[in-house]
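Chemist: For reference, the structure I am asking about is given below.
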Amino acid sequence: MKKSLFPMLVAVLLLALGATSCKDDDDETEYINPNPDVYMVGYQLKSMGVFAGKIWKNGVDSVYGDTTKSPFLNKIFASGKDLYVAGEMRNVDKFAATLWKNGVVMPLALDNKNYSSASNVFVSGNDVYVSGLVSKGGYNVAHYWKNGVGHDLADSTTNSQAYSIYSSGKDVHAVGYEYRGSKSVAKYWKNGVATNLTDGQNDAAAIGVVVSGSDVYIAGRVSNGSKGVATLWKNGVATNLTNGQNEASVSGLAVAGKDVYVSGWEDIGTKSVAKYWKNGVAVNLGDGTTKTLATCICVYGGNVYVGGYEWDGVRYVAKCWKNGAATVLPNPKSNCVVTGIAVK
């Protein structure tokens with residue numbers, strides 16, 4: 001693949017953005033495995049619009065999903081002994097939102113007429129929540145499913161999408177964007193009630209949401225008119241993670257105790273640098289000599305795990321960083337990326 005296809009990969013990746021939720025290291029009710037398994041999902045881009053789902057367990061890769069239906073894997077969530085994967089796969093002539101539980105398909109879209117996508121999955125007790133979108137009336141509509149039952153978060157008069165979802169107690173939190181006029185507004189929905197995080201003057205989107213105690217953390221991207229600014233909201237109050245001089249975006253969010261981690265990337269010259277921010281302080285994962293993107297983050301047992309990919313001079317290769325140390329995952333002889341991570 002030529003380097004000129006990098007924007008296309010990023011555009012496809014935007015479907016997969018969203019927070020990956022991990023156990024809180026300060027939660028004494030959760031057992032912390034001293035030798036955890038690290039699961040990562042992603043895809044191999046076989047040709048334009050044709051994907052092969054991939055899963056890695058402790059760095060060992062295997063194909064995931066029905067390859068004849070071009071499965072696109074977005075995020076993974078570990079709950080007990082179960083692994084849930086959200087994404088989409090081809091259903092006749094459209095891609096349809098799909099949830100896999102331990103590799104078994106649990107369809108979310110029951111018709112073949114409209115496009116749909118599952119961007120993220122969160123499990124709380126016996127309830128499984130999936131965020132995404134459903135095409136209705138010529139527009140993409142922000143949507144979520146609870147135990148397979150769908151709920152619209154916006155109307156079908158403009159484009160919108162839910163990128164991430166989180167359940168806390170009796171409350172369901174989702175984030176994404178909604179177009180109003182020519183600009184996208186970063187949105188936060190609590191139990192279906194919408195709050196605008198931005199004023200609509202410039203494009204913005206909320207990518208990830210995590211609730212910790214009484215605090216609601218949301219990560220996203222807000223344009224300053226010319227560049228995207230990586231942004232973190234705490235209880236609706238925004239803090240910039242980048243200064244707006246370079247294009248930047250976020251891809252994931254994790255909270256461990258009092259520490260807040262955001263994954264993403266920032267363009268430096270003609271290169272993109274994978275990074276994460278811990279309490280607002282940036283940690284670079286790429287060195288700026290090639291293009292790297294961080295697509296997901298998880299904090300477990302005091303360790304920071306980040307998934308993403310890097311241009312190796314020939315193709316994009318899937319990567320995992322643990323506490324900043326990089327590992328190149330087994331890759332086929334074509335572009336391969338990580339989109340989601342879970343540690344248990």
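Identifiers in the structure tokens: chain A, B, ... in order shown; residue index from 1 per chain; ligand index from 1 in order shown.
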Please provide the set of residues having any atom within 6 Å of Asn120 of chain A, restricted to only C-alpha atoms, with same-chain residues fewer than 4 positions apart removed, written as an MDAnalysis selection string.

Modeler: chainID A and resid 75 86 130:131 164

Chemist: Which residues, written as a ChimeraX atom specification, have at least one atom at most 10 Å from segment 134-148 of chain A, with only C-alpha atoms counted and residues fewer than 3 positions away on the same chain left out?

Modeler: /A:96-99,106-109,113-123,126-131,151-165,172,174-178,192

Chemist: Would you put the residues from that selection into a file with C-alpha atoms, as a CSV table (one decimal), in the first residue's frame?

Modeler:
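Result written to out.csv:
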```csv
chain,number,residue,atom,x,y,z
A,96,ALA,CA,-24.6,-4.4,9.7
A,97,ALA,CA,-23.8,-3.8,13.4
A,98,THR,CA,-22.6,-7.0,15.0
A,99,LEU,CA,-21.8,-8.2,18.5
A,106,MET,CA,-25.1,-11.9,18.1
A,107,PRO,CA,-26.7,-9.7,15.3
A,108,LEU,CA,-27.8,-6.3,16.3
A,109,ALA,CA,-29.4,-5.2,13.1
A,113,LYS,CA,-32.0,-2.6,4.1
A,114,ASN,CA,-30.0,-0.1,6.1
A,115,TYR,CA,-26.3,0.4,7.1
A,116,SER,CA,-25.5,0.1,10.8
A,117,SER,CA,-22.3,0.1,12.8
A,118,ALA,CA,-21.3,-0.9,16.4
A,119,SER,CA,-18.5,1.3,17.7
A,120,ASN,CA,-18.1,0.1,21.3
A,121,VAL,CA,-19.4,-2.4,23.9
A,122,PHE,CA,-19.7,-2.2,27.7
A,123,VAL,CA,-20.9,-4.9,30.1
A,126,ASN,CA,-26.0,-9.2,33.0
A,127,ASP,CA,-26.5,-6.2,30.7
A,128,VAL,CA,-24.6,-5.7,27.5
A,129,TYR,CA,-24.6,-2.2,26.0
A,130,VAL,CA,-23.4,-1.4,22.5
A,131,SER,CA,-23.0,2.1,20.9
A,151,HIS,CA,-32.7,2.8,21.1
A,152,ASP,CA,-32.2,6.0,19.0
A,153,LEU,CA,-30.3,8.9,20.7
A,154,ALA,CA,-31.0,11.5,18.0
A,155,ASP,CA,-33.6,12.1,15.4
A,156,SER,CA,-33.3,11.2,11.7
A,157,THR,CA,-33.1,14.8,10.4
A,158,THR,CA,-29.3,15.0,10.5
A,159,ASN,CA,-26.2,12.8,10.8
A,160,SER,CA,-25.1,11.7,14.3
A,161,GLN,CA,-23.2,8.8,15.9
A,162,ALA,CA,-22.6,7.4,19.4
A,163,TYR,CA,-18.9,6.5,19.7
A,164,SER,CA,-18.8,5.1,23.2
A,165,ILE,CA,-21.1,3.9,26.0
A,172,VAL,CA,-26.5,4.9,30.8
A,174,ALA,CA,-23.1,7.7,25.7
A,175,VAL,CA,-21.0,10.2,23.7
A,176,GLY,CA,-20.6,11.1,20.1
A,177,TYR,CA,-21.6,13.9,17.8
A,178,GLU,CA,-24.5,15.4,15.9
A,192,GLY,CA,-31.1,9.4,26.4
```

Chemist: Here is a test: counting only C-alpha atoms, which residue of A:Leu253, A:Val338, A:Val262, A:Ala325 is nearest to Val210 of chain A?

Modeler: A:Leu253

Chemist: Determine the nearest neighbour of Val104 of chain A from the options A:Tyr261, A:Tyr64, A:Tyr31, A:Phe72, counting only C-alpha atoms.

Modeler: A:Tyr64

Chemist: With distances taken over only C-alpha atoms, which residue among A:Pro34, A:Gly80, A:Gly252, A:Gly87 lies nearest Ser124 of chain A?

Modeler: A:Gly80
